[in-house]
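For reference, the structure discussed in these notes is given below.
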Number of protein chains: 2
Amino acid sequence: MTLRQDIHSSGIPVLCLPCEARRRGVCGALEPDDLAQLAKTSSRHNIEPGVELIGDAEAVDCYSNVLSGVVKLTKSLSDGRQQIVGLQFAPDFLGRPFKIKSVINAEAATAVSLCSFPRAAIERMMKQSPEFVHRLLKQALNELDEAREWMVTLGRKTAPEKVASFLLMIARNIDSNVDPAARSACFELPMTRADISDFLGITNETVSRQLTSLRMDGVIRIENNRRVTVDSMSRLERRCGGRGATAVE
Amino acid sequence: MTLRQDIHSSGIPVLCLPCEARRRGVCGALEPDDLAQLAKTSSRHNIEPGVELIGDAEAVDCYSNVLSGVVKLTKSLSDGRQQIVGLQFAPDFLGRPFKIKSVINAEAATAVSLCSFPRAAIERMMKQSPEFVHRLLKQALNELDEAREWMVTLGRKTAPEKVASFLLMIARNIDSNVDPAARSACFELPMTRADISDFLGITNETVSRQLTSLRMDGVIRIENNRRVTVDSMSRLERRCGGRGATAVE
DNA sequence: CGACAAATTGATTCAAATCAAACGTAGTGG
DNA sequence: CCACTACGTTTGATTTGAATCAATTTGTCG
């Protein structure tokens with residue numbers, strides 16, 4: 001059975017066979033031989049929460065697929081004020097093509113596993129596979145859409161709406177046990193209150209207050225500070241402020 | 001002389017010869033014959049300020065190069081709150097590949113001239129020219145960087161810092177008479193106070209107050225509500241809050 | 001000139017920040 | 001095992017920056 005599968009998927013590296021990045025990520029663009037070539041240079045890493053993956057103004061020498069966990073992308077002002085400008089979930093592609101130096105900071109928010117490639121390998125792949133560039137473009141445009149959604153949240157939503165929008169976004173991405181109908185959801189928050197506040201442009205005290213407010217109103221339940229249960233997603237959606245940052249695509 | 005130039009640039013459509021989009025925009029990726037093919041389907045338009053170019057949730061049937069003027073990209077919540085999520089200057093490429101329906105609204109902020117192409121022509125070009133897709137990717141990544149810069153401004157800067165950052169960004173993009181050394185600048189604001197407030201996530205009253213404050217402090221001068229002179233750029237930069245959204249790349 | 005929209009300025013209110021304290025919860029070592 | 005520390009979180013009291021409400025003033029255009 002395994003043998004026959006190997007015949008069918010001839011040329012696809014064994015490691016890549018079950019990989020999410022091949023199904024939904026950038027590797028899905030590659031032909032078996034391209035994939036084999038790339039896989040030769042790849043390495044897998046398990047990262048502890050809190051570890052910095054790419055430093056601000058640091059040279060970028062590798063690119064990675066996020067295989068599991070959550071990576072936070074941050075930018076800081078010189079006086080210490082910080083803003084999270086993006087979150088990456090599996091199977092997002094991590095790294096900024098064309099720029100030698102990163103202008104953002106990437107850090108493991110949870111335990112993270114990565115499949116990393118040297119810069120040169122990715123650059124070669126971009127030259128030889130138009131389909132790969134195509135896929136990178138798609139991911140970049142999706143990230144751009146997301147960034148713009150959050151600009152609305154940051155600029156125009158109230159604190160209660162911001163927190164509700166955040167929970168909704170996490171529920172839709174982490175999604176441990178959400179049926180597609182998505183009447184209810186239960187998930188682990190991938191970050192601390194302080195991180196959430198840096199994502200929403202508010203203080204951790206305000207995040208805490210809004211979470212208790214949602215809890216008091218019976219919209220969510222919280223266990224161990226991290227585990228959140230949403231009984232009625234539509235109830236949560238109604239707390240996000242008018243359609244926009246929360247619209248179903 | 002003109003004749004000889006025609007020989008040198010054989011195949012490049014006459015209209016495209018002086019075009020900024022060929023020098024710095026997406027058309028720069030194209031070989032003469034690709035360019036000729038695309039040019040056949042192109043049409044030029046002059047748009048009045050305030051005209052909507054792409055409606056929210058509207059089908060996108062054409063893509064354009066911005067040849068002059070400023071286009072604002074907005075998103076709105078259902079109760080009317082609005083956020084400008086991007087500004088496009090020449091020679092930016094306007095339109096969202098891969099998405100049938102636009103999730104944002106594009107509107108001419110100033111008088112705008114466009115070079116437009118039917119959807120099908122751009123899609124064909126993306127299939128036949130990897131270099132073109134490459135260029136689209138570069139532009140998308142630049143827009144992503146900009147969006148993230150503004151997320152920091154929206155989430156973490158004070159009202160005075162927001163207004164200063166906005167002026168600096170405009171000065172660097174409009175740039176009517178700025179020497180590269182950029183000691184001083186003078187430019188026309190491409191939008192109303194209300195638009196600026198929608199860009200910065202504050203009210204127009206606050207924008208107005210901060211502009212007067214900058215004027216009182218001698219950082220800027222304002223004529224006719226629209227024409228702004230910055231005598232010392234570094235003085236303005238110091239008002240933008242720590243390095244970050246205003247960093248020189 | 002008159003009319004309308006855009007911008008400024010002032011007075012007041014309010015949402016969220018700040019300051020401050022207490023309360024878990026997890027991990028460490030005696 | 002429990003005291004002890006450290007960190008993250010919650011909760012409370014107070015302050016404050018920007019929003020809101022409300023007039024004027026300025027600029028633009030028919």
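Labeling convention for the structure tokens: chains A, B, ... as they appear, residues from 1 per chain, ligands from 1 in order of appearance.
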
Restrict the distance test to only C-alpha atoms (C1' of nucleotides), flag each residue of chain A within 10 Å of chain C, and return the flagged residues as an MDAnalysis selection string. chainID A and resid 158:159 202:203 205:206 224:225

If DSSP is run on the backbone, what residues of stretch 64-237 of chain A are strand (DSSP E or B)? A reply as a ChimeraX atom specification would be ideal. /A:64-68,70-76,82-89,93-94,101,105-108,112-118,185-188,220-223,227-230

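Atom CA of A:Val103 to atom CA of B:Asn142 spans 11.4 Å [interatomic distance, one decimal].
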
Same-sequence overlay, chain A on chain B, C-alpha least squares, as a short mmCIF file (atom, residue, chain, number, x, y, z; two decimals) with C-alpha atoms, in the first residue's frame:
data_model
loop_
_atom_site.label_atom_id
_atom_site.label_comp_id
_atom_site.auth_asym_id
_atom_site.auth_seq_id
_atom_site.Cartn_x
_atom_site.Cartn_y
_atom_site.Cartn_z
CA MET A 1 16.17 62.52 -34.34
CA THR A 2 12.69 61.28 -33.56
CA LEU A 3 13.09 58.80 -36.34
CA ARG A 4 16.30 57.45 -34.95
CA GLN A 5 14.73 57.11 -31.53
CA ASP A 6 11.93 55.08 -33.09
CA ILE A 7 14.51 52.72 -34.52
CA HIS A 8 16.20 52.29 -31.18
CA SER A 9 12.99 51.66 -29.35
CA SER A 10 11.62 49.50 -32.11
CA GLY A 11 8.33 47.96 -31.19
CA ILE A 12 7.64 50.08 -28.14
CA PRO A 13 4.30 51.85 -28.62
CA VAL A 14 4.65 55.60 -29.00
CA LEU A 15 2.21 56.23 -26.15
CA CYS A 16 4.32 54.13 -23.81
CA LEU A 17 7.62 55.83 -24.63
CA PRO A 18 7.41 58.67 -22.12
CA CYS A 19 5.26 56.74 -19.65
CA GLU A 20 6.32 56.60 -16.04
CA ALA A 21 4.79 53.13 -15.68
CA ARG A 22 7.34 51.82 -18.16
CA ARG A 23 10.22 53.30 -16.20
CA ARG A 24 9.19 52.48 -12.67
CA GLY A 25 5.86 50.66 -12.85
CA VAL A 26 4.70 47.20 -13.80
CA CYS A 27 5.10 47.81 -17.53
CA GLY A 28 8.85 47.98 -16.97
CA ALA A 29 8.77 44.20 -16.79
CA LEU A 30 7.53 43.78 -20.34
CA GLU A 31 9.41 43.08 -23.55
CA PRO A 32 8.58 45.40 -26.47
CA ASP A 33 6.25 42.91 -28.14
CA ASP A 34 4.39 42.15 -24.90
CA LEU A 35 4.10 45.85 -24.32
CA ALA A 36 2.76 46.41 -27.82
CA GLN A 37 0.18 43.69 -27.31
CA LEU A 38 -0.95 45.17 -24.01
CA ALA A 39 -0.99 48.72 -25.34
CA LYS A 40 -3.46 47.74 -28.05
CA THR A 41 -6.07 47.05 -25.40
CA SER A 42 -5.26 50.03 -23.21
CA SER A 43 -7.25 53.22 -22.82
CA ARG A 44 -6.48 56.46 -21.04
CA HIS A 45 -8.88 58.29 -18.79
CA ASN A 46 -8.90 61.55 -16.92
CA ILE A 47 -10.88 61.35 -13.73
CA GLU A 48 -12.38 64.18 -11.65
CA PRO A 49 -11.66 64.33 -7.94
CA GLY A 50 -14.22 62.43 -5.88
CA VAL A 51 -15.15 59.94 -8.59
CA GLU A 52 -15.38 56.34 -7.46
CA LEU A 53 -13.10 54.04 -9.44
CA ILE A 54 -13.84 50.68 -7.87
CA GLY A 55 -16.87 50.08 -5.71
CA ASP A 56 -16.85 47.87 -2.64
CA ALA A 57 -18.10 44.38 -3.47
CA GLU A 58 -18.20 45.35 -7.12
CA ALA A 59 -16.89 43.13 -9.89
CA VAL A 60 -13.46 44.21 -11.07
CA ASP A 61 -13.38 44.35 -14.83
CA CYS A 62 -10.27 46.37 -15.39
CA TYR A 63 -6.86 47.20 -14.00
CA SER A 64 -5.02 50.50 -14.31
CA ASN A 65 -1.74 52.24 -13.94
CA VAL A 66 -1.96 55.51 -12.05
CA LEU A 67 -0.23 58.05 -14.31
CA SER A 68 -0.82 61.13 -12.21
CA GLY A 69 -2.80 62.25 -9.18
CA VAL A 70 -3.64 60.37 -6.00
CA VAL A 71 -6.10 57.51 -5.50
CA LYS A 72 -7.42 56.68 -2.04
CA LEU A 73 -8.35 53.13 -1.05
CA THR A 74 -11.01 52.95 1.63
CA LYS A 75 -12.91 50.42 3.71
CA SER A 76 -16.07 51.16 5.66
CA LEU A 77 -18.04 49.72 8.52
CA SER A 78 -21.76 49.38 8.01
CA ASP A 79 -22.54 52.27 10.38
CA GLY A 80 -20.55 54.68 8.23
CA ARG A 81 -17.22 54.74 9.99
CA GLN A 82 -14.55 54.85 7.31
CA GLN A 83 -10.85 54.13 7.12
CA ILE A 84 -8.48 54.93 4.29
CA VAL A 85 -6.28 51.84 3.97
CA GLY A 86 -3.92 53.05 1.28
CA LEU A 87 -2.96 55.83 -1.08
CA GLN A 88 -1.71 55.21 -4.58
CA PHE A 89 0.57 57.54 -6.49
CA ALA A 90 2.02 57.30 -9.99
CA PRO A 91 3.07 54.81 -11.22
CA ASP A 92 1.25 52.40 -8.90
CA PHE A 93 -0.81 49.57 -10.31
CA LEU A 94 -4.46 49.69 -9.31
CA GLY A 95 -6.55 46.57 -8.98
CA ARG A 96 -6.58 43.27 -7.14
CA PRO A 97 -5.53 40.23 -9.19
CA PHE A 98 -7.23 36.88 -8.42
CA LYS A 99 -10.18 38.36 -6.59
CA ILE A 100 -13.34 38.64 -8.60
CA LYS A 101 -14.93 41.12 -6.27
CA SER A 102 -13.12 44.02 -4.73
CA VAL A 103 -13.20 44.23 -0.95
CA ILE A 104 -12.16 47.83 -0.98
CA ASN A 105 -13.28 51.07 -2.49
CA ALA A 106 -11.04 53.17 -4.72
CA GLU A 107 -11.73 56.85 -5.27
CA ALA A 108 -9.89 59.68 -7.00
CA ALA A 109 -8.60 61.95 -4.24
CA THR A 110 -7.29 64.53 -6.72
CA ALA A 111 -7.67 64.77 -10.47
CA VAL A 112 -6.30 61.44 -11.69
CA SER A 113 -5.19 60.10 -15.03
CA LEU A 114 -5.22 56.36 -15.60
CA CYS A 115 -4.05 53.91 -18.22
CA SER A 116 -6.56 51.08 -18.03
CA PHE A 117 -6.54 47.51 -19.32
CA PRO A 118 -9.33 44.96 -19.52
CA ARG A 119 -9.12 42.16 -17.01
CA ALA A 120 -8.49 39.56 -19.66
CA ALA A 121 -5.47 41.41 -21.04
CA ILE A 122 -3.79 41.52 -17.64
CA GLU A 123 -4.59 37.88 -16.98
CA ARG A 124 -3.07 36.92 -20.34
CA MET A 125 0.02 38.95 -19.56
CA MET A 126 0.37 37.20 -16.21
CA LYS A 127 0.32 33.86 -18.00
CA GLN A 128 2.82 34.75 -20.68
CA SER A 129 5.27 36.94 -18.78
CA PRO A 130 6.80 35.59 -15.56
CA GLU A 131 8.66 38.86 -15.28
CA PHE A 132 5.35 40.69 -15.11
CA VAL A 133 4.12 38.55 -12.21
CA HIS A 134 7.46 39.14 -10.58
CA ARG A 135 6.87 42.87 -10.79
CA LEU A 136 3.36 42.56 -9.43
CA LEU A 137 4.78 40.62 -6.49
CA LYS A 138 7.27 43.39 -5.82
CA GLN A 139 4.56 46.02 -5.81
CA ALA A 140 2.31 43.91 -3.57
CA LEU A 141 5.12 43.44 -1.06
CA ASN A 142 5.83 47.16 -1.06
CA GLU A 143 2.18 47.91 -0.41
CA LEU A 144 2.24 45.34 2.37
CA ASP A 145 5.23 47.05 3.97
CA GLU A 146 3.45 50.39 3.75
CA ALA A 147 0.24 49.00 5.23
CA ARG A 148 2.22 47.62 8.15
CA GLU A 149 3.99 50.93 8.69
CA TRP A 150 0.59 52.57 8.99
CA MET A 151 -0.63 49.91 11.38
CA VAL A 152 2.04 51.13 13.79
CA THR A 153 0.91 54.71 13.27
CA LEU A 154 -2.76 53.83 13.75
CA GLY A 155 -2.23 51.62 16.75
CA ARG A 156 0.55 53.25 18.67
CA LYS A 157 1.11 56.89 17.75
CA THR A 158 -0.50 59.96 19.32
CA ALA A 159 -2.58 62.42 17.31
CA PRO A 160 0.28 64.93 16.91
CA GLU A 161 2.60 62.15 15.76
CA LYS A 162 0.01 60.84 13.33
CA VAL A 163 -0.41 64.18 11.61
CA ALA A 164 3.34 64.77 11.40
CA SER A 165 3.83 61.27 9.97
CA PHE A 166 1.17 61.94 7.38
CA LEU A 167 2.78 65.17 6.23
CA LEU A 168 6.14 63.46 5.99
CA MET A 169 4.71 60.64 3.90
CA ILE A 170 2.99 63.06 1.54
CA ALA A 171 6.10 65.19 1.22
CA ARG A 172 8.08 62.13 0.21
CA ASN A 173 5.51 61.02 -2.37
CA ILE A 174 4.28 64.25 -3.89
CA ASP A 175 7.59 65.88 -3.74
CA SER A 176 6.96 68.78 -6.12
CA ASN A 177 10.13 70.61 -5.24
CA VAL A 178 12.19 68.61 -2.83
CA ASP A 179 15.87 68.27 -3.42
CA PRO A 180 17.16 64.75 -2.79
CA ALA A 181 18.95 66.09 0.26
CA ALA A 182 15.40 66.96 1.32
CA ARG A 183 16.14 69.79 3.68
CA SER A 184 12.81 71.43 2.86
CA ALA A 185 9.64 70.63 0.93
CA CYS A 186 6.59 72.33 -0.50
CA PHE A 187 3.52 70.51 -1.75
CA GLU A 188 -0.23 70.54 -2.19
CA LEU A 189 -2.20 68.34 0.21
CA PRO A 190 -4.02 65.84 -2.02
CA MET A 191 -7.04 65.57 0.29
CA THR A 192 -9.35 67.37 2.69
CA ARG A 193 -8.97 67.43 6.48
CA ALA A 194 -11.81 64.92 6.65
CA ASP A 195 -9.92 62.55 4.36
CA ILE A 196 -6.77 62.95 6.39
CA SER A 197 -8.71 62.11 9.53
CA ASP A 198 -10.08 58.98 7.86
CA PHE A 199 -6.53 58.02 7.01
CA LEU A 200 -5.19 58.58 10.52
CA GLY A 201 -8.13 57.21 12.47
CA ILE A 202 -8.91 60.51 14.21
CA THR A 203 -11.46 63.32 13.73
CA ASN A 204 -11.12 66.24 11.34
CA GLU A 205 -11.18 68.64 14.32
CA THR A 206 -8.13 66.90 15.74
CA VAL A 207 -6.35 67.05 12.38
CA SER A 208 -7.06 70.76 12.21
CA ARG A 209 -5.82 71.38 15.74
CA GLN A 210 -2.60 69.49 15.13
CA LEU A 211 -1.96 71.34 11.89
CA THR A 212 -2.36 74.70 13.64
CA SER A 213 -0.13 73.46 16.40
CA LEU A 214 2.59 72.59 13.87
CA ARG A 215 2.03 75.97 12.22
CA MET A 216 2.28 77.85 15.51
CA ASP A 217 5.51 76.05 16.32
CA GLY A 218 6.95 77.10 12.96
CA VAL A 219 7.37 73.56 11.68
CA ILE A 220 5.11 74.16 8.68
CA ARG A 221 3.47 77.02 6.82
CA ILE A 222 0.06 76.73 5.18
CA GLU A 223 -1.40 78.77 2.30
CA ASN A 224 -4.95 78.44 1.00
CA ASN A 225 -5.60 75.50 3.30
CA ARG A 226 -3.89 73.16 0.87
CA ARG A 227 -0.38 74.35 0.11
CA VAL A 228 2.09 73.24 2.78
CA THR A 229 5.70 74.31 3.15
CA VAL A 230 8.10 72.43 5.39
CA ASP A 231 11.25 74.41 6.02
CA SER A 232 13.08 71.78 7.98
CA MET A 233 12.26 68.18 7.21
CA SER A 234 14.33 66.91 10.12
CA ARG A 235 12.29 69.12 12.44
CA LEU A 236 9.15 67.45 11.09
CA GLU A 237 10.69 64.00 11.39
CA ARG A 238 11.36 64.57 15.06
CA ARG A 239 7.61 65.03 15.55
CA CYS A 240 6.74 61.64 14.09
CA GLY A 241 7.46 59.53 17.14
CA GLY A 242 10.35 57.10 17.30
CA ARG A 243 11.72 55.59 14.13
CA GLY A 244 9.43 53.05 12.53
CA ALA A 245 6.64 54.28 10.33
CA THR A 246 8.94 56.99 9.15
CA ALA A 247 12.17 55.11 8.77
CA VAL A 248 14.08 55.62 5.58
CA GLU A 249 14.09 52.28 3.85
#

Restrict the distance test to only C-alpha atoms (C1' of nucleotides), flag each residue of chain D within 9 Å of chain A, and return the flagged residues as a list in words. DG8, DT9, DT10 and DT11 of chain D
